[in-house]
>>> print(open('input_39.csv').read())   # CSV, C-alpha atoms and all ligand atoms
chain,number,residue,atom,x,y,z
A,2,MET,CA,0.0,0.0,0.0
A,3,SER,CA,1.5,3.4,-0.9
A,4,ALA,CA,1.0,6.5,1.2
A,5,LEU,CA,-0.7,8.1,-1.8
A,6,ALA,CA,-3.3,5.3,-1.9
A,7,MET,CA,-4.0,5.8,1.8
A,8,LYS,CA,-4.6,9.5,1.1
A,9,ALA,CA,-6.9,8.9,-1.9
A,10,ASP,CA,-9.1,6.5,0.0
A,11,PRO,CA,-10.0,7.9,3.5
A,12,GLN,CA,-12.0,4.7,4.2
A,13,ALA,CA,-8.7,2.8,4.0
A,14,PHE,CA,-7.7,3.8,7.5
A,15,GLU,CA,-9.6,2.9,10.6
A,16,GLN,CA,-10.3,6.3,12.2
A,17,ASP,CA,-11.6,5.0,15.5
A,18,GLY,CA,-8.4,3.2,16.6
A,19,LEU,CA,-6.0,5.7,14.9
A,20,THR,CA,-5.6,7.8,18.0
A,21,SER,CA,-5.1,4.8,20.3
A,22,ARG,CA,-2.4,3.5,17.9
A,23,ALA,CA,-0.6,6.8,17.7
A,24,VAL,CA,-0.7,7.4,21.4
A,25,GLY,CA,0.3,3.7,21.9
A,26,ALA,CA,3.3,4.2,19.6
A,27,TYR,CA,4.5,7.3,21.6
A,28,LEU,CA,4.0,5.7,25.0
A,29,GLY,CA,5.5,2.5,23.6
A,30,LEU,CA,8.6,4.4,22.7
A,31,ALA,CA,9.0,5.9,26.2
A,32,VAL,CA,8.2,2.6,28.0
A,33,GLY,CA,10.7,0.7,25.8
A,34,ASP,CA,13.4,3.3,26.4
A,35,ALA,CA,12.8,3.4,30.2
A,36,LEU,CA,12.7,-0.4,30.4
A,37,GLY,CA,15.7,-1.1,28.3
A,38,ALA,CA,17.9,1.6,29.8
A,39,THR,CA,18.3,-0.5,33.0
A,40,VAL,CA,20.2,-3.2,31.0
A,41,GLU,CA,22.0,-1.0,28.4
A,42,PHE,CA,25.5,-2.2,27.7
A,43,MET,CA,24.9,-5.5,29.5
A,44,THR,CA,25.2,-8.9,27.8
A,45,PRO,CA,22.3,-11.3,27.8
A,46,ARG,CA,24.4,-13.5,30.2
A,47,GLU,CA,25.0,-10.6,32.6
A,48,ILE,CA,21.2,-9.8,32.5
A,49,GLN,CA,20.3,-13.4,33.2
A,50,HIS,CA,22.8,-13.6,36.1
A,51,GLN,CA,21.4,-10.4,37.7
A,52,TYR,CA,17.7,-10.5,36.9
A,53,GLY,CA,16.8,-13.9,35.6
A,54,GLU,CA,14.7,-12.1,33.1
A,55,HIS,CA,14.6,-8.2,33.1
A,56,ARG,CA,10.8,-7.5,33.2
A,57,ASP,CA,10.1,-4.5,35.4
A,58,MET,CA,10.6,-0.8,35.3
A,59,ILE,CA,13.1,-0.5,38.0
A,60,GLY,CA,15.5,2.2,36.8
A,61,GLY,CA,19.2,1.9,37.7
A,62,GLY,CA,21.6,0.8,35.0
A,63,TRP,CA,24.8,2.6,34.0
A,64,LEU,CA,22.9,6.0,34.0
A,65,ASN,CA,21.5,5.3,37.5
A,66,LEU,CA,18.0,6.2,36.5
A,67,ARG,CA,14.8,6.6,38.5
A,68,PRO,CA,12.2,3.9,37.7
A,69,GLY,CA,10.3,5.1,34.6
A,70,GLN,CA,12.9,7.7,33.7
A,71,VAL,CA,13.5,8.0,29.9
A,72,THR,CA,16.7,8.8,28.1
A,73,ASP,CA,17.8,10.6,24.9
A,74,ASP,CA,15.6,8.4,22.6
A,75,THR,CA,12.4,9.8,24.1
A,76,GLN,CA,13.8,13.2,24.8
A,77,MET,CA,14.9,13.8,21.2
A,78,SER,CA,11.6,12.4,19.8
A,79,LEU,CA,9.7,15.0,22.0
A,80,ALA,CA,12.1,17.7,20.7
A,81,LEU,CA,11.5,16.7,17.1
A,82,GLY,CA,7.7,16.5,17.6
A,83,ASP,CA,7.7,19.9,19.2
A,84,ALA,CA,9.7,21.4,16.4
A,85,ILE,CA,7.4,19.9,13.8
A,86,LEU,CA,4.3,21.3,15.6
A,87,ARG,CA,5.9,24.8,16.0
A,88,ALA,CA,6.9,25.1,12.4
A,89,ASP,CA,3.6,23.5,11.2
A,90,GLY,CA,5.8,21.2,9.1
A,91,VAL,CA,9.2,19.5,8.9
A,92,GLU,CA,11.8,22.4,8.8
A,93,GLY,CA,15.5,21.6,9.3
A,94,VAL,CA,16.5,24.7,11.1
A,95,SER,CA,13.7,24.5,13.6
A,96,ILE,CA,14.5,20.9,14.3
A,97,ALA,CA,18.2,21.6,14.6
A,98,LYS,CA,17.5,24.5,17.1
A,99,ALA,CA,15.2,22.1,19.1
A,100,PHE,CA,18.0,19.5,19.2
A,101,ASP,CA,20.5,22.3,20.2
A,102,ASP,CA,18.2,23.5,23.0
A,103,TRP,CA,17.9,19.9,24.2
A,104,LEU,CA,21.7,19.5,24.2
A,105,LYS,CA,22.1,22.8,26.2
A,106,SER,CA,19.7,21.3,28.8
A,107,LYS,CA,22.5,18.9,29.7
A,108,PRO,CA,20.8,15.6,29.1
A,109,ILE,CA,21.9,12.5,30.9
A,110,ASP,CA,23.0,10.7,27.7
A,111,VAL,CA,24.0,12.0,24.2
A,112,GLY,CA,25.2,9.9,21.4
A,113,SER,CA,28.6,10.9,19.9
A,114,THR,CA,27.2,11.3,16.3
A,115,VAL,CA,24.2,13.3,17.6
A,116,ARG,CA,26.5,15.6,19.6
A,117,ARG,CA,28.8,16.2,16.6
A,118,GLY,CA,25.9,17.1,14.3
A,119,ILE,CA,24.4,19.5,16.8
A,120,VAL,CA,27.7,21.2,17.5
A,121,ARG,CA,28.2,21.5,13.7
A,122,PHE,CA,24.8,23.2,13.4
A,123,ARG,CA,25.7,25.5,16.3
A,124,THR,CA,29.0,26.6,14.9
A,125,SER,CA,28.2,26.7,11.1
A,126,GLY,CA,24.4,26.9,10.9
A,127,THR,CA,24.3,24.0,8.4
A,128,VAL,CA,21.5,21.4,8.9
A,129,GLN,CA,23.2,18.6,6.9
A,130,GLY,CA,26.7,17.2,7.3
A,131,PRO,CA,28.6,15.4,4.5
A,132,VAL,CA,27.8,11.8,3.6
A,133,ASP,CA,29.7,9.7,6.1
A,134,ASP,CA,29.7,5.9,6.4
A,135,TYR,CA,30.5,6.3,10.0
A,136,ASP,CA,27.1,8.0,10.5
A,137,GLY,CA,25.4,4.6,10.5
A,138,GLY,CA,24.4,4.8,14.1
A,139,ASN,CA,20.8,4.4,15.3
A,140,GLY,CA,20.3,8.0,16.5
A,141,ALA,CA,18.2,9.3,13.7
A,142,VAL,CA,15.9,6.3,13.8
A,143,MET,CA,15.3,6.2,17.6
A,144,ARG,CA,13.6,9.6,17.3
A,145,VAL,CA,11.7,9.2,14.0
A,146,LEU,CA,8.2,8.5,15.4
A,147,PRO,CA,6.9,12.0,15.3
A,148,LEU,CA,7.8,12.4,11.7
A,149,ALA,CA,6.0,9.1,10.8
A,150,ILE,CA,2.8,10.4,12.5
A,151,ALA,CA,3.0,13.9,11.0
A,152,GLY,CA,3.7,12.3,7.6
A,153,LEU,CA,0.7,9.9,7.6
A,154,GLY,CA,-0.9,10.1,4.2
A,155,ALA,CA,1.9,12.3,2.7
A,156,ASP,CA,3.1,11.9,-0.8
A,157,PRO,CA,5.9,9.2,-0.6
A,158,LYS,CA,8.5,11.6,-2.0
A,159,THR,CA,7.5,14.2,0.4
A,160,LEU,CA,7.6,11.7,3.3
A,161,GLU,CA,11.1,10.6,2.3
A,162,ALA,CA,12.4,14.2,2.0
A,163,ALA,CA,11.0,15.0,5.4
A,164,ALA,CA,12.6,11.9,7.0
A,165,LEU,CA,16.0,12.8,5.4
A,166,VAL,CA,15.8,16.4,6.6
A,167,GLN,CA,15.5,15.3,10.2
A,168,ALA,CA,18.0,12.5,9.9
A,169,HIS,CA,20.8,14.4,8.1
A,170,ILE,CA,21.0,17.0,10.8
A,171,THR,CA,23.1,14.4,12.7
A,172,HIS,CA,23.4,11.3,10.6
A,173,ASN,CA,24.1,11.3,6.8
A,174,CYS,CA,24.6,7.7,5.8
A,175,PRO,CA,22.8,6.0,2.9
A,176,LEU,CA,22.8,2.6,4.6
A,177,ALA,CA,21.1,4.1,7.7
A,178,ASP,CA,18.7,6.1,5.5
A,179,VAL,CA,17.2,3.0,4.0
A,180,GLY,CA,16.8,1.4,7.4
A,181,MET,CA,15.1,4.5,8.6
A,182,MET,CA,12.6,4.5,5.7
A,183,THR,CA,11.7,0.9,6.4
A,184,VAL,CA,11.0,1.7,10.0
A,185,VAL,CA,8.8,4.6,8.9
A,186,GLN,CA,6.9,2.4,6.5
A,187,MET,CA,6.4,-0.3,9.1
A,188,LEU,CA,5.2,2.3,11.6
A,189,GLN,CA,2.8,3.9,9.1
A,190,ARG,CA,1.5,0.5,8.1
A,191,ALA,CA,0.6,-0.3,11.7
A,192,LEU,CA,-1.0,3.1,12.3
A,193,ILE,CA,-3.3,3.0,9.3
A,194,THR,CA,-5.1,-0.2,10.2
A,195,PRO,CA,-4.3,-3.4,12.2
A,196,THR,CA,-5.8,-5.6,9.6
A,197,ASN,CA,-2.9,-7.7,8.2
A,198,ALA,CA,-0.4,-5.1,9.5
A,199,TYR,CA,1.8,-7.6,11.4
A,200,GLN,CA,2.4,-9.8,8.3
A,201,ASP,CA,3.0,-6.7,6.1
A,202,MET,CA,5.5,-5.3,8.7
A,203,VAL,CA,7.4,-8.6,8.8
A,204,ALA,CA,7.5,-8.6,5.0
A,205,LEU,CA,8.9,-5.0,5.0
A,206,ALA,CA,11.7,-6.1,7.4
A,207,HIS,CA,12.5,-9.1,5.1
A,208,ARG,CA,12.5,-6.8,2.0
A,209,LEU,CA,15.1,-4.6,3.7
A,210,GLY,CA,17.3,-7.6,4.4
A,211,ARG,CA,17.1,-8.6,0.7
A,212,TYR,CA,18.0,-5.0,-0.3
A,213,ASP,CA,21.1,-5.0,1.9
A,214,LYS,CA,22.4,-8.1,3.7
A,215,ALA,CA,23.5,-6.0,6.7
A,216,TYR,CA,19.8,-6.0,7.6
A,217,ASP,CA,19.2,-9.7,7.0
A,218,ILE,CA,17.2,-11.1,10.0
A,219,THR,CA,17.5,-14.7,8.8
A,220,LYS,CA,21.1,-14.7,10.0
A,221,LYS,CA,21.9,-15.8,13.5
A,222,ARG,CA,20.1,-14.4,16.5
A,223,GLU,CA,21.3,-10.9,17.2
A,224,GLU,CA,22.4,-10.5,20.8
A,225,ASN,CA,24.2,-7.6,22.6
A,226,PRO,CA,23.4,-5.3,19.6
A,227,SER,CA,25.6,-2.3,19.1
A,228,GLY,CA,24.4,1.2,18.2
A,229,PHE,CA,25.2,0.5,14.5
A,230,LEU,CA,21.7,0.6,12.9
A,231,PRO,CA,21.8,-2.7,11.1
A,232,ASP,CA,22.7,-4.5,14.4
A,233,THR,CA,20.0,-2.6,16.2
A,234,LEU,CA,17.3,-3.3,13.6
A,235,ARG,CA,18.2,-7.0,13.3
A,236,ALA,CA,17.6,-7.4,17.0
A,237,VAL,CA,14.4,-5.3,16.8
A,238,PHE,CA,12.9,-7.1,13.8
A,239,GLN,CA,13.9,-10.6,15.0
A,240,ALA,CA,12.1,-9.9,18.3
A,241,PHE,CA,9.1,-8.5,16.4
A,242,ALA,CA,8.9,-11.5,14.1
A,243,ARG,CA,8.9,-14.1,16.9
A,244,THR,CA,6.4,-12.5,19.3
A,245,ASP,CA,2.7,-11.6,19.2
A,246,SER,CA,2.1,-9.0,22.0
A,247,PHE,CA,3.5,-5.7,23.2
A,248,GLU,CA,4.9,-7.2,26.4
A,249,ALA,CA,6.5,-10.3,24.8
A,250,ALA,CA,8.2,-8.2,22.1
A,251,LEU,CA,9.7,-5.8,24.6
A,252,LEU,CA,10.9,-8.5,26.9
A,253,ASP,CA,12.5,-10.3,24.0
A,254,VAL,CA,14.4,-7.3,22.8
A,255,VAL,CA,15.6,-5.7,26.0
A,256,ASN,CA,16.9,-9.1,27.3
A,257,ARG,CA,19.2,-9.2,24.3
A,258,GLY,CA,21.1,-6.4,26.1
A,259,GLY,CA,23.5,-4.1,24.2
A,260,ASP,CA,21.9,-0.8,23.1
A,261,ALA,CA,18.8,-2.0,24.9
A,262,ASP,CA,17.2,1.4,25.5
A,263,THR,CA,17.2,2.1,21.8
A,264,THR,CA,16.1,-1.4,20.7
A,265,GLY,CA,13.4,-1.0,23.4
A,266,ALA,CA,12.4,2.5,22.1
A,267,ILE,CA,12.2,1.4,18.4
A,268,LEU,CA,10.4,-1.8,19.0
A,269,GLY,CA,8.2,0.0,21.6
A,270,PHE,CA,6.9,2.4,19.0
A,271,LEU,CA,6.4,-0.3,16.4
A,272,VAL,CA,4.4,-2.6,18.7
A,273,GLY,CA,2.7,0.3,20.4
A,274,ALA,CA,1.4,1.4,17.0
A,275,LEU,CA,0.4,-2.2,16.1
A,276,TYR,CA,-1.3,-3.3,19.3
A,277,GLY,CA,-2.5,0.2,20.6
A,278,VAL,CA,-2.2,1.9,23.9
A,279,ASP,CA,-4.4,-0.7,25.8
A,280,ALA,CA,-1.8,-3.4,25.0
A,281,ILE,CA,0.9,-1.7,27.1
A,282,PRO,CA,1.2,-3.5,30.5
A,283,SER,CA,-0.2,-1.2,33.2
A,284,ARG,CA,2.7,-2.0,35.5
A,285,TRP,CA,5.0,-0.3,33.0
A,286,LEU,CA,2.7,2.7,32.2
A,287,ALA,CA,2.1,3.3,35.9
A,288,LYS,CA,5.9,3.8,36.5
A,289,LEU,CA,6.5,6.0,33.5
A,290,ASP,CA,7.6,9.6,34.3
A,291,ARG,CA,4.2,11.4,34.4
A,292,ASN,CA,5.4,14.6,32.6
A,293,VAL,CA,6.9,12.5,29.8
A,294,ALA,CA,3.7,10.4,29.4
A,295,ASP,CA,1.5,13.5,29.2
A,296,ALA,CA,3.8,15.1,26.6
A,297,CYS,CA,3.8,11.8,24.6
A,298,ASP,CA,0.0,11.7,24.7
A,299,ALA,CA,-0.4,15.3,23.6
A,300,GLN,CA,2.1,15.2,20.8
A,301,ALA,CA,0.6,12.0,19.3
A,302,ARG,CA,-2.8,13.7,19.0
A,303,LEU,CA,-1.5,17.1,17.7
A,304,LEU,CA,0.8,15.4,15.1
A,305,LEU,CA,-2.1,13.3,13.9
A,306,GLN,CA,-4.1,16.5,13.3
A,307,LEU,CA,-1.2,17.9,11.3
A,308,SER,CA,-0.9,14.8,9.1
A,309,PRO,CA,-2.1,14.9,5.5
A,310,LEU,CA,-4.3,11.9,6.3
A,311,VAL,CA,-6.3,13.8,8.8
A,312,SER,CA,-5.8,17.5,7.8
A,313,GLY,CA,-6.1,17.0,4.0
A,314,ARG,CA,-3.1,19.3,3.6
A,315,GLU,CA,0.2,18.1,2.2
A,316,LEU,CA,3.1,18.0,4.7
A,317,LYS,CA,5.4,21.1,4.4
A,318,VAL,CA,9.1,20.1,4.2
A,319,SER,CA,12.1,22.4,4.0
A,320,GLN,CA,15.7,22.5,5.3
A,321,ASN,CA,15.4,26.3,5.8
A,322,PRO,CA,12.6,28.4,7.2
A,323,ILE,CA,9.8,28.7,4.7
B,1,MG,MG,19.2,6.3,25.2
>>> encode(input="input_39.csv", output="structure tokens")
Amino acid sequence: MSALAMKADPQAFEQDGLTSRAVGAYLGLAVGDALGATVEFMTPREIQHQYGEHRDMIGGGWLNLRPGQVTDDTQMSLALGDAILRADGVEGVSIAKAFDDWLKSKPIDVGSTVRRGIVRFRTSGTVQGPVDDYDGGNGAVMRVLPLAIAGLGADPKTLEAAALVQAHITHNCPLADVGMMTVVQMLQRALITPTNAYQDMVALAHRLGRYDKAYDITKKREENPSGFLPDTLRAVFQAFARTDSFEAALLDVVNRGGDADTTGAILGFLVGALYGVDAIPSRWLAKLDRNVADACDAQARLLLQLSPLVSGRELKVSQNPI
């Protein structure tokens, strides 16, 4: 299904559940981030030794978090969503300023590629770095959810341009770009309607693996995934393909360890979009930082209103102020 086809046929999306799925995606992101951060940089063996199975929102970890506290994955998503809402579209300079404001707030964790991109913007004003194969980290994908919601029903070329504007502020790597676009397509597929969505999302993951072997999920089980996007997404997609609920998917991926806050965040928004907000275990939602949960709920609803699917207006995209 193309995004254009979705726009042409408003009956093709299930309006009633759309808000639940968008809010579920946002809260899924935050829940996955907060759950996974506890075991970030641990191996599966270390997790098993310490927790048996890591299954509760207990905080701690190398960042010494409060239970339910989120990290850069959720914070950068909220910064991106806020910038899209303020600019009434996807505008590179607004987004880069929002990222810069976030960095100035002295966040508890910042990825090295993210920091380099923001500092480049701060010193030169440019919102795109040169193509760099070392920009293949997962930092532009962990925060992509607001763009996927705002871009629901957008023309596919417009959607891709918008996704690249936000990504290239910090990460300009063709291999990572294709991985990001697959995540956006999977997300949008889940948001539109749950009917056959799971099968279509798994098929999209396999299609990416055929396009580039780095993303092939039929390889061995990915454990202790690094922050390199193909490693991250193999863990995420493998966990997605072997589970059938929000809880089972998240437990599968965070117990693989490694960059577990980001695998949790990405899988959290995918399964949150697929299964809806009611599928998120209440013991996790109850622990989630209340201000973050409220911001996630509000942004999901406002970004939906901005989307071409709901507003009937095409998404505005520009690197510079329009
Ligand atoms: Mg993080």
>>> residues_near_point(input="input_39.csv", point="(9.9, -7.9, 28.2)", cutoff="9 Å", atoms="all atoms listed in the file", output="list in words")
Gly33, Leu36, Gly37, Glu54, His55, Arg56, Asp57, Phe247, Glu248, Ala249, Ala250, Leu251, Leu252, Asp253, Val254, Val255 and Asn256 of chain A
>>> closest_residue(input="input_39.csv", among="A:Thr244, A:Thr44, A:Thr264, A:Thr183", to="ligand MG 1 (chain B)", atoms="all atoms listed in the file")
A:Thr264
>>> closest_atom_pairs(input="input_39.csv", of="chain A", to="ligand MG 1 (chain B)", cutoff="8 Å", atoms="only C-alpha atoms and all ligand atoms", output="CSV")
residue,atom,partner,partner_atom,distance
A:Asp34,CA,B:MG1,MG,6.6
A:Ala38,CA,B:MG1,MG,6.7
A:Val71,CA,B:MG1,MG,7.6
A:Thr72,CA,B:MG1,MG,4.6
A:Asp73,CA,B:MG1,MG,4.5
A:Asp74,CA,B:MG1,MG,4.9
A:Thr75,CA,B:MG1,MG,7.7
A:Asp110,CA,B:MG1,MG,6.3
A:Val111,CA,B:MG1,MG,7.5
A:Gly112,CA,B:MG1,MG,8.0
A:Asp260,CA,B:MG1,MG,7.9
A:Asp262,CA,B:MG1,MG,5.3
A:Thr263,CA,B:MG1,MG,5.8
>>> closest_residue(input="input_39.csv", among="A:Gly269, A:His50, A:Ala141, A:Gly313", to="A:Ile281", atoms="only C-alpha atoms")
A:Gly269
>>> residues_around(input="input_39.csv", residues="A:Met58", least_positions_apart="5", cutoff="10 Å", atoms="only C-alpha atoms", output="JSON, numbers by chain")
{"A": [32, 33, 35, 36, 37, 38, 39, 67, 68, 69, 70, 284, 285, 286, 287, 288, 289]}
>>> atom_distance(input="input_39.csv", atom1="atom CA of A:Glu161", atom2="atom CA of A:Ala294")
28.1 Å
>>> closest_residue(input="input_39.csv", among="A:Asn321, A:Asn65, A:Ser78, A:Gln167", to="A:Phe270", atoms="only C-alpha atoms")
A:Ser78
>>> atom_distance(input="input_39.csv", atom1="atom CA of A:Met202", atom2="atom CA of A:Thr114")
28.4 Å
>>> closest_residue(input="input_39.csv", among="A:Ala151, A:Ala236, A:Leu271, A:Met43", to="A:Ser312", atoms="all atoms listed in the file")
A:Ala151
>>> closest_residue(input="input_39.csv", among="A:Val145, A:Ala84, A:Leu66, A:Val94", to="A:Arg123", atoms="only C-alpha atoms")
A:Val94
